[in-house]
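J.: Below is a structure I'd like to ask you about.
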Amino acid sequence: MVLYFTSSVVDPPATIYMGKDKFENEDLIKHGWPEDVWFHADKLSSAHVYLRLKPGQSWETIPQPLLDDLAQLCKANSIEGNKKDNIAIIYTPWANLLKRGDMAAGQVTYKNPKLVKRVHVVERLNPIVNRLNKTKRITYPDLYQLRMERDREEKRERTMAANKQKAEERKAAEENRLLKSGKGYASMLATTATKGKSKSRGCDELFGDGNDNDDDDDDDDGYTGGRGNDIDDFF
């Protein structure tokens, strides 16, 4: 059984969940998501509370109002911590949790202590706890199956992104090839035109350009072939 809560102090609302007892906490530790952030009362027994980050969010920049919600939920679900003031709530990415074989059920430590942060809780704030409890949902999910579905979707998105990138690279390469080919073709045309002009000049020198004026053409000046006179006679 997993208890889900919704925090509306951020937009979009945040998803928070926790197990009922230490045995269910074992499943949460085992089948957590890379997007999960783990919260627990420091040096006290408490529920394992998780925040599921949304794409683009970072565990290092969780808004303070949301941290307050998570810390109050941890405190309220700690038998000893709920009775005390001035306690600390620790949190770290799920991927930083370390579960050794010799640990008791629900017990966990960290791979890197430097990736652990703390929130100081002065006292229990009932308005926050009551608001969160009103959103509580009890579910019985298959945590393993949910994790497998999440991983398959991530793989599908990565494949789509890789295919898109390859398609863009192929398109860019083809455009570059055509650009280079176009330059080569233009250069070829220019060379051909230059050769054509050279041949034309050679022919002009050999045969002339057809624009020479011969003296014999002057003999035709005033020639009418007699037709003009015939017309005058008719009218």
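Ligands are numbered from 1 in the order shown, chains are lettered A, B, ... in the order of the structure tokens, and residues start at 1 in each chain.
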Would you kindly return, as a list in words, each protein, DNA or RNA residue with an atom no farther than 12 Å from any atom of A:Gln64, considering only C-alpha atoms and excluding same-chain residues fewer than 2 positions away?
T.: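 Contacts, with the query itself left out: Val9, Val10, Trp59, Glu60, Thr61, Ile62, Leu66, Leu67, Asp68, Asp69, Leu70, Ala71, Arg118, Val119 and His120 of chain A.
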J.: Just want the 7 Å neighbourhood of stretch 28-36 of chain A, counted on only C-alpha atoms, with same-chain residues fewer than 3 positions away dropped. Output as a ChimeraX atom specification.
T.: /A:24-25,50-53,93-95,143-144,147
J.: In terms of the shortest atom-to-atom distance over only C-alpha atoms, which of A:Gln145, A:Ala47, A:Val116, A:Pro63 is closest to A:Ile79?
T.: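 Checking each candidate against A:Ile79, we get A:Ala47 as the closest.
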J.: Provide the atom CA of A:Ile16 to atom CA of A:Trp38 distance in Å, to one decimal place.
T.: 10.0 Å
J.: Using only C-alpha atoms, which residues sit within 10 Å of A:Lys99 once same-chain residues fewer than 6 positions away are excluded, as JSON, numbers by chain?
T.: {"A": [26, 29, 30, 105, 106, 107, 108, 109, 110, 111]}
J.: Run DSSP on the backbone and tell me which residues of stretch 22-134 of chain A come out as strand (DSSP E or B); list them as a PDB file with all heavy atoms, in the first residue's frame.
T.:
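What follows is the written file out09.pdb:
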```pdb
ATOM      1  N   ASP A  36      12.900  10.849  -8.099  1.00  0.00           N
ATOM      2  CA  ASP A  36      12.425  10.895  -6.714  1.00  0.00           C
ATOM      3  C   ASP A  36      13.456  11.502  -5.762  1.00  0.00           C
ATOM      4  O   ASP A  36      14.664  11.317  -5.916  1.00  0.00           O
ATOM      5  CB  ASP A  36      12.075   9.485  -6.220  1.00  0.00           C
ATOM      6  CG  ASP A  36      10.824   8.939  -6.905  1.00  0.00           C
ATOM      7  OD1 ASP A  36      10.081   9.736  -7.502  1.00  0.00           O
ATOM      8  OD2 ASP A  36      10.594   7.719  -6.833  1.00  0.00           O
ATOM      9  N   VAL A  37      12.935  12.207  -4.762  1.00  0.00           N
ATOM     10  CA  VAL A  37      13.766  12.749  -3.679  1.00  0.00           C
ATOM     11  C   VAL A  37      13.233  12.170  -2.367  1.00  0.00           C
ATOM     12  O   VAL A  37      12.025  12.221  -2.098  1.00  0.00           O
ATOM     13  CB  VAL A  37      13.712  14.284  -3.639  1.00  0.00           C
ATOM     14  CG1 VAL A  37      14.668  14.820  -2.572  1.00  0.00           C
ATOM     15  CG2 VAL A  37      14.054  14.879  -5.006  1.00  0.00           C
ATOM     16  N   TRP A  38      14.123  11.622  -1.576  1.00  0.00           N
ATOM     17  CA  TRP A  38      13.771  10.909  -0.346  1.00  0.00           C
ATOM     18  C   TRP A  38      13.893  11.835   0.864  1.00  0.00           C
ATOM     19  O   TRP A  38      14.883  12.554   1.022  1.00  0.00           O
ATOM     20  CB  TRP A  38      14.706   9.719  -0.204  1.00  0.00           C
ATOM     21  CG  TRP A  38      14.616   8.897   1.034  1.00  0.00           C
ATOM     22  CD1 TRP A  38      13.765   7.858   1.273  1.00  0.00           C
ATOM     23  CD2 TRP A  38      15.464   8.984   2.195  1.00  0.00           C
ATOM     24  NE1 TRP A  38      14.021   7.297   2.508  1.00  0.00           N
ATOM     25  CE2 TRP A  38      15.056   7.978   3.096  1.00  0.00           C
ATOM     26  CE3 TRP A  38      16.524   9.828   2.561  1.00  0.00           C
ATOM     27  CZ2 TRP A  38      15.678   7.798   4.325  1.00  0.00           C
ATOM     28  CZ3 TRP A  38      17.130   9.645   3.783  1.00  0.00           C
ATOM     29  CH2 TRP A  38      16.705   8.637   4.652  1.00  0.00           C
ATOM     30  N   PHE A  39      12.874  11.824   1.731  1.00  0.00           N
ATOM     31  CA  PHE A  39      12.861  12.632   2.954  1.00  0.00           C
ATOM     32  C   PHE A  39      12.682  11.727   4.170  1.00  0.00           C
ATOM     33  O   PHE A  39      11.922  10.744   4.110  1.00  0.00           O
ATOM     34  CB  PHE A  39      11.719  13.656   2.918  1.00  0.00           C
ATOM     35  CG  PHE A  39      11.912  14.775   1.944  1.00  0.00           C
ATOM     36  CD1 PHE A  39      11.741  14.558   0.576  1.00  0.00           C
ATOM     37  CD2 PHE A  39      12.275  16.045   2.380  1.00  0.00           C
ATOM     38  CE1 PHE A  39      11.916  15.594  -0.329  1.00  0.00           C
ATOM     39  CE2 PHE A  39      12.454  17.082   1.477  1.00  0.00           C
ATOM     40  CZ  PHE A  39      12.273  16.850   0.120  1.00  0.00           C
ATOM     41  N   HIS A  40      13.352  12.082   5.272  1.00  0.00           N
ATOM     42  CA  HIS A  40      13.270  11.266   6.489  1.00  0.00           C
ATOM     43  C   HIS A  40      13.671  12.135   7.683  1.00  0.00           C
ATOM     44  O   HIS A  40      14.496  13.048   7.565  1.00  0.00           O
ATOM     45  CB  HIS A  40      14.211  10.060   6.378  1.00  0.00           C
ATOM     46  CG  HIS A  40      13.952   8.980   7.375  1.00  0.00           C
ATOM     47  ND1 HIS A  40      14.474   9.000   8.653  1.00  0.00           N
ATOM     48  CD2 HIS A  40      13.224   7.824   7.283  1.00  0.00           C
ATOM     49  CE1 HIS A  40      14.092   7.909   9.298  1.00  0.00           C
ATOM     50  NE2 HIS A  40      13.326   7.185   8.494  1.00  0.00           N
ATOM     51  N   ALA A  41      13.106  11.849   8.825  1.00  0.00           N
ATOM     52  CA  ALA A  41      13.512  12.541  10.050  1.00  0.00           C
ATOM     53  C   ALA A  41      14.946  12.139  10.405  1.00  0.00           C
ATOM     54  O   ALA A  41      15.285  10.949  10.385  1.00  0.00           O
ATOM     55  CB  ALA A  41      12.564  12.190  11.198  1.00  0.00           C
ATOM     56  N   VAL A  49       9.330   9.483   3.086  1.00  0.00           N
ATOM     57  CA  VAL A  49       8.484  10.340   2.256  1.00  0.00           C
ATOM     58  C   VAL A  49       9.256  10.696   0.985  1.00  0.00           C
ATOM     59  O   VAL A  49      10.439  11.041   1.037  1.00  0.00           O
ATOM     60  CB  VAL A  49       8.092  11.624   3.023  1.00  0.00           C
ATOM     61  CG1 VAL A  49       7.282  12.555   2.130  1.00  0.00           C
ATOM     62  CG2 VAL A  49       7.302  11.259   4.277  1.00  0.00           C
ATOM     63  N   TYR A  50       8.571  10.590  -0.141  1.00  0.00           N
ATOM     64  CA  TYR A  50       9.208  10.854  -1.434  1.00  0.00           C
ATOM     65  C   TYR A  50       8.498  11.983  -2.172  1.00  0.00           C
ATOM     66  O   TYR A  50       7.266  12.085  -2.161  1.00  0.00           O
ATOM     67  CB  TYR A  50       9.179   9.610  -2.328  1.00  0.00           C
ATOM     68  CG  TYR A  50      10.059   8.479  -1.867  1.00  0.00           C
ATOM     69  CD1 TYR A  50       9.611   7.583  -0.902  1.00  0.00           C
ATOM     70  CD2 TYR A  50      11.324   8.285  -2.403  1.00  0.00           C
ATOM     71  CE1 TYR A  50      10.406   6.521  -0.472  1.00  0.00           C
ATOM     72  CE2 TYR A  50      12.130   7.234  -1.982  1.00  0.00           C
ATOM     73  CZ  TYR A  50      11.667   6.352  -1.023  1.00  0.00           C
ATOM     74  OH  TYR A  50      12.457   5.310  -0.605  1.00  0.00           O
ATOM     75  N   LEU A  51       9.294  12.800  -2.815  1.00  0.00           N
ATOM     76  CA  LEU A  51       8.796  13.813  -3.744  1.00  0.00           C
ATOM     77  C   LEU A  51       9.176  13.366  -5.151  1.00  0.00           C
ATOM     78  O   LEU A  51      10.342  13.051  -5.402  1.00  0.00           O
ATOM     79  CB  LEU A  51       9.431  15.178  -3.454  1.00  0.00           C
ATOM     80  CG  LEU A  51       9.244  16.248  -4.537  1.00  0.00           C
ATOM     81  CD1 LEU A  51       7.779  16.644  -4.661  1.00  0.00           C
ATOM     82  CD2 LEU A  51      10.124  17.468  -4.251  1.00  0.00           C
ATOM     83  N   ARG A  52       8.204  13.332  -6.046  1.00  0.00           N
ATOM     84  CA  ARG A  52       8.500  12.970  -7.436  1.00  0.00           C
ATOM     85  C   ARG A  52       8.626  14.251  -8.262  1.00  0.00           C
ATOM     86  O   ARG A  52       7.659  14.954  -8.513  1.00  0.00           O
ATOM     87  CB  ARG A  52       7.406  12.067  -8.005  1.00  0.00           C
ATOM     88  CG  ARG A  52       7.654  11.660  -9.456  1.00  0.00           C
ATOM     89  CD  ARG A  52       7.099  10.288  -9.744  1.00  0.00           C
ATOM     90  NE  ARG A  52       7.809   9.257  -9.000  1.00  0.00           N
ATOM     91  CZ  ARG A  52       7.372   7.997  -8.858  1.00  0.00           C
ATOM     92  NH1 ARG A  52       6.206   7.643  -9.384  1.00  0.00           N
ATOM     93  NH2 ARG A  52       8.085   7.110  -8.179  1.00  0.00           N
ATOM     94  N   ILE A  87      13.406  19.722  15.231  1.00  0.00           N
ATOM     95  CA  ILE A  87      14.028  18.516  14.673  1.00  0.00           C
ATOM     96  C   ILE A  87      14.503  18.830  13.257  1.00  0.00           C
ATOM     97  O   ILE A  87      14.114  19.845  12.656  1.00  0.00           O
ATOM     98  CB  ILE A  87      13.055  17.316  14.663  1.00  0.00           C
ATOM     99  CG1 ILE A  87      11.948  17.543  13.638  1.00  0.00           C
ATOM    100  CG2 ILE A  87      12.499  17.060  16.056  1.00  0.00           C
ATOM    101  CD1 ILE A  87      11.096  16.295  13.376  1.00  0.00           C
ATOM    102  N   ALA A  88      15.326  17.950  12.735  1.00  0.00           N
ATOM    103  CA  ALA A  88      15.840  18.122  11.374  1.00  0.00           C
ATOM    104  C   ALA A  88      15.255  17.046  10.464  1.00  0.00           C
ATOM    105  O   ALA A  88      15.121  15.884  10.864  1.00  0.00           O
ATOM    106  CB  ALA A  88      17.355  18.056  11.365  1.00  0.00           C
ATOM    107  N   ILE A  89      14.925  17.434   9.261  1.00  0.00           N
ATOM    108  CA  ILE A  89      14.481  16.492   8.227  1.00  0.00           C
ATOM    109  C   ILE A  89      15.566  16.485   7.152  1.00  0.00           C
ATOM    110  O   ILE A  89      15.974  17.540   6.659  1.00  0.00           O
ATOM    111  CB  ILE A  89      13.141  16.914   7.611  1.00  0.00           C
ATOM    112  CG1 ILE A  89      12.059  17.019   8.683  1.00  0.00           C
ATOM    113  CG2 ILE A  89      12.734  15.943   6.514  1.00  0.00           C
ATOM    114  CD1 ILE A  89      11.756  15.718   9.398  1.00  0.00           C
ATOM    115  N   ILE A  90      16.047  15.305   6.823  1.00  0.00           N
ATOM    116  CA  ILE A  90      17.092  15.194   5.807  1.00  0.00           C
ATOM    117  C   ILE A  90      16.471  14.747   4.489  1.00  0.00           C
ATOM    118  O   ILE A  90      15.438  14.082   4.465  1.00  0.00           O
ATOM    119  CB  ILE A  90      18.182  14.194   6.247  1.00  0.00           C
ATOM    120  CG1 ILE A  90      17.564  12.840   6.597  1.00  0.00           C
ATOM    121  CG2 ILE A  90      18.985  14.749   7.408  1.00  0.00           C
ATOM    122  CD1 ILE A  90      18.587  11.776   6.971  1.00  0.00           C
ATOM    123  N   TYR A  91      17.113  15.148   3.396  1.00  0.00           N
ATOM    124  CA  TYR A  91      16.624  14.708   2.081  1.00  0.00           C
ATOM    125  C   TYR A  91      17.777  14.583   1.094  1.00  0.00           C
ATOM    126  O   TYR A  91      18.794  15.279   1.202  1.00  0.00           O
ATOM    127  CB  TYR A  91      15.533  15.629   1.552  1.00  0.00           C
ATOM    128  CG  TYR A  91      15.927  17.050   1.250  1.00  0.00           C
ATOM    129  CD1 TYR A  91      16.160  17.470  -0.068  1.00  0.00           C
ATOM    130  CD2 TYR A  91      16.034  18.013   2.268  1.00  0.00           C
ATOM    131  CE1 TYR A  91      16.479  18.788  -0.357  1.00  0.00           C
ATOM    132  CE2 TYR A  91      16.351  19.330   1.980  1.00  0.00           C
ATOM    133  CZ  TYR A  91      16.580  19.711   0.664  1.00  0.00           C
ATOM    134  OH  TYR A  91      16.904  21.014   0.375  1.00  0.00           O
ATOM    135  N   THR A  92      17.595  13.674   0.143  1.00  0.00           N
ATOM    136  CA  THR A  92      18.631  13.366  -0.845  1.00  0.00           C
ATOM    137  C   THR A  92      17.969  12.695  -2.052  1.00  0.00           C
ATOM    138  O   THR A  92      16.873  12.127  -1.916  1.00  0.00           O
ATOM    139  CB  THR A  92      19.707  12.439  -0.233  1.00  0.00           C
ATOM    140  OG1 THR A  92      20.839  12.352  -1.123  1.00  0.00           O
ATOM    141  CG2 THR A  92      19.166  11.041   0.000  1.00  0.00           C
ATOM    142  N   PRO A  93      18.596  12.730  -3.205  1.00  0.00           N
ATOM    143  CA  PRO A  93      18.023  12.025  -4.357  1.00  0.00           C
ATOM    144  C   PRO A  93      17.917  10.528  -4.096  1.00  0.00           C
ATOM    145  O   PRO A  93      18.776   9.936  -3.428  1.00  0.00           O
ATOM    146  CB  PRO A  93      19.018  12.319  -5.487  1.00  0.00           C
ATOM    147  CG  PRO A  93      19.707  13.577  -5.077  1.00  0.00           C
ATOM    148  CD  PRO A  93      19.791  13.516  -3.590  1.00  0.00           C
ATOM    149  N   LEU A  97      20.600   6.795  -2.388  1.00  0.00           N
ATOM    150  CA  LEU A  97      20.342   5.862  -1.287  1.00  0.00           C
ATOM    151  C   LEU A  97      21.159   4.590  -1.471  1.00  0.00           C
ATOM    152  O   LEU A  97      21.360   4.108  -2.580  1.00  0.00           O
ATOM    153  CB  LEU A  97      18.851   5.510  -1.221  1.00  0.00           C
ATOM    154  CG  LEU A  97      17.895   6.663  -0.920  1.00  0.00           C
ATOM    155  CD1 LEU A  97      16.456   6.153  -0.912  1.00  0.00           C
ATOM    156  CD2 LEU A  97      18.240   7.338   0.409  1.00  0.00           C
ATOM    157  N   LEU A  98      21.622   4.047  -0.351  1.00  0.00           N
ATOM    158  CA  LEU A  98      22.404   2.807  -0.379  1.00  0.00           C
ATOM    159  C   LEU A  98      21.787   1.812   0.587  1.00  0.00           C
ATOM    160  O   LEU A  98      21.651   2.079   1.788  1.00  0.00           O
ATOM    161  CB  LEU A  98      23.860   3.094   0.019  1.00  0.00           C
ATOM    162  CG  LEU A  98      24.772   1.870   0.143  1.00  0.00           C
ATOM    163  CD1 LEU A  98      24.898   1.152  -1.201  1.00  0.00           C
ATOM    164  CD2 LEU A  98      26.153   2.286   0.655  1.00  0.00           C
ATOM    165  N   THR A 109      21.187   3.951   4.032  1.00  0.00           N
ATOM    166  CA  THR A 109      22.209   4.975   4.219  1.00  0.00           C
ATOM    167  C   THR A 109      22.458   5.643   2.877  1.00  0.00           C
ATOM    168  O   THR A 109      21.649   5.516   1.952  1.00  0.00           O
ATOM    169  CB  THR A 109      23.503   4.382   4.796  1.00  0.00           C
ATOM    170  OG1 THR A 109      24.411   5.460   5.097  1.00  0.00           O
ATOM    171  CG2 THR A 109      24.159   3.411   3.833  1.00  0.00           C
ATOM    172  N   TYR A 110      23.593   6.363   2.739  1.00  0.00           N
ATOM    173  CA  TYR A 110      23.840   7.130   1.529  1.00  0.00           C
ATOM    174  C   TYR A 110      25.135   6.704   0.847  1.00  0.00           C
ATOM    175  O   TYR A 110      26.086   6.283   1.483  1.00  0.00           O
ATOM    176  CB  TYR A 110      23.939   8.632   1.831  1.00  0.00           C
ATOM    177  CG  TYR A 110      23.052   9.080   2.955  1.00  0.00           C
ATOM    178  CD1 TYR A 110      23.593   9.453   4.197  1.00  0.00           C
ATOM    179  CD2 TYR A 110      21.672   9.125   2.806  1.00  0.00           C
ATOM    180  CE1 TYR A 110      22.795   9.859   5.234  1.00  0.00           C
ATOM    181  CE2 TYR A 110      20.850   9.529   3.844  1.00  0.00           C
ATOM    182  CZ  TYR A 110      21.414   9.894   5.054  1.00  0.00           C
ATOM    183  OH  TYR A 110      20.613  10.287   6.092  1.00  0.00           O
ATOM    184  N   LYS A 117      20.864  17.049   2.242  1.00  0.00           N
ATOM    185  CA  LYS A 117      20.528  18.376   2.774  1.00  0.00           C
ATOM    186  C   LYS A 117      19.575  18.232   3.958  1.00  0.00           C
ATOM    187  O   LYS A 117      18.974  17.174   4.162  1.00  0.00           O
ATOM    188  CB  LYS A 117      19.899  19.246   1.684  1.00  0.00           C
ATOM    189  CG  LYS A 117      20.866  19.627   0.566  1.00  0.00           C
ATOM    190  CD  LYS A 117      20.258  20.677  -0.332  1.00  0.00           C
ATOM    191  CE  LYS A 117      21.262  21.161  -1.368  1.00  0.00           C
ATOM    192  NZ  LYS A 117      20.726  22.293  -2.179  1.00  0.00           N
ATOM    193  N   ARG A 118      19.419  19.329   4.711  1.00  0.00           N
ATOM    194  CA  ARG A 118      18.583  19.311   5.917  1.00  0.00           C
ATOM    195  C   ARG A 118      17.617  20.483   5.945  1.00  0.00           C
ATOM    196  O   ARG A 118      17.924  21.566   5.460  1.00  0.00           O
ATOM    197  CB  ARG A 118      19.466  19.331   7.176  1.00  0.00           C
ATOM    198  CG  ARG A 118      20.151  18.006   7.453  1.00  0.00           C
ATOM    199  CD  ARG A 118      21.193  18.115   8.548  1.00  0.00           C
ATOM    200  NE  ARG A 118      21.692  16.798   8.919  1.00  0.00           N
ATOM    201  CZ  ARG A 118      22.571  16.128   8.193  1.00  0.00           C
ATOM    202  NH1 ARG A 118      23.055  16.652   7.078  1.00  0.00           N
ATOM    203  NH2 ARG A 118      22.975  14.917   8.583  1.00  0.00           N
ATOM    204  N   VAL A 119      16.468  20.214   6.516  1.00  0.00           N
ATOM    205  CA  VAL A 119      15.466  21.250   6.746  1.00  0.00           C
ATOM    206  C   VAL A 119      15.175  21.285   8.240  1.00  0.00           C
ATOM    207  O   VAL A 119      14.875  20.247   8.846  1.00  0.00           O
ATOM    208  CB  VAL A 119      14.167  20.966   5.967  1.00  0.00           C
ATOM    209  CG1 VAL A 119      13.130  22.043   6.254  1.00  0.00           C
ATOM    210  CG2 VAL A 119      14.436  20.877   4.478  1.00  0.00           C
ATOM    211  N   HIS A 120      15.254  22.460   8.826  1.00  0.00           N
ATOM    212  CA  HIS A 120      14.966  22.583  10.258  1.00  0.00           C
ATOM    213  C   HIS A 120      13.472  22.821  10.470  1.00  0.00           C
ATOM    214  O   HIS A 120      12.874  23.687   9.841  1.00  0.00           O
ATOM    215  CB  HIS A 120      15.763  23.741  10.867  1.00  0.00           C
ATOM    216  CG  HIS A 120      15.539  23.915  12.338  1.00  0.00           C
ATOM    217  ND1 HIS A 120      16.005  23.015  13.275  1.00  0.00           N
ATOM    218  CD2 HIS A 120      14.879  24.896  13.035  1.00  0.00           C
ATOM    219  CE1 HIS A 120      15.659  23.420  14.481  1.00  0.00           C
ATOM    220  NE2 HIS A 120      14.964  24.558  14.367  1.00  0.00           N
ATOM    221  N   VAL A 121      12.890  22.007  11.346  1.00  0.00           N
ATOM    222  CA  VAL A 121      11.465  22.137  11.658  1.00  0.00           C
ATOM    223  C   VAL A 121      11.333  22.559  13.120  1.00  0.00           C
ATOM    224  O   VAL A 121      11.697  21.807  14.032  1.00  0.00           O
ATOM    225  CB  VAL A 121      10.715  20.808  11.418  1.00  0.00           C
ATOM    226  CG1 VAL A 121       9.233  20.986  11.742  1.00  0.00           C
ATOM    227  CG2 VAL A 121      10.910  20.347   9.987  1.00  0.00           C
TER     228      VAL A 121
END
```
J.: Measure the distance from atom CA of A:Ala161 to atom CA of A:Pro55 in Å and round it to one decimal.
T.: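 Rounded to one decimal, the two atoms are 15.5 Å apart.
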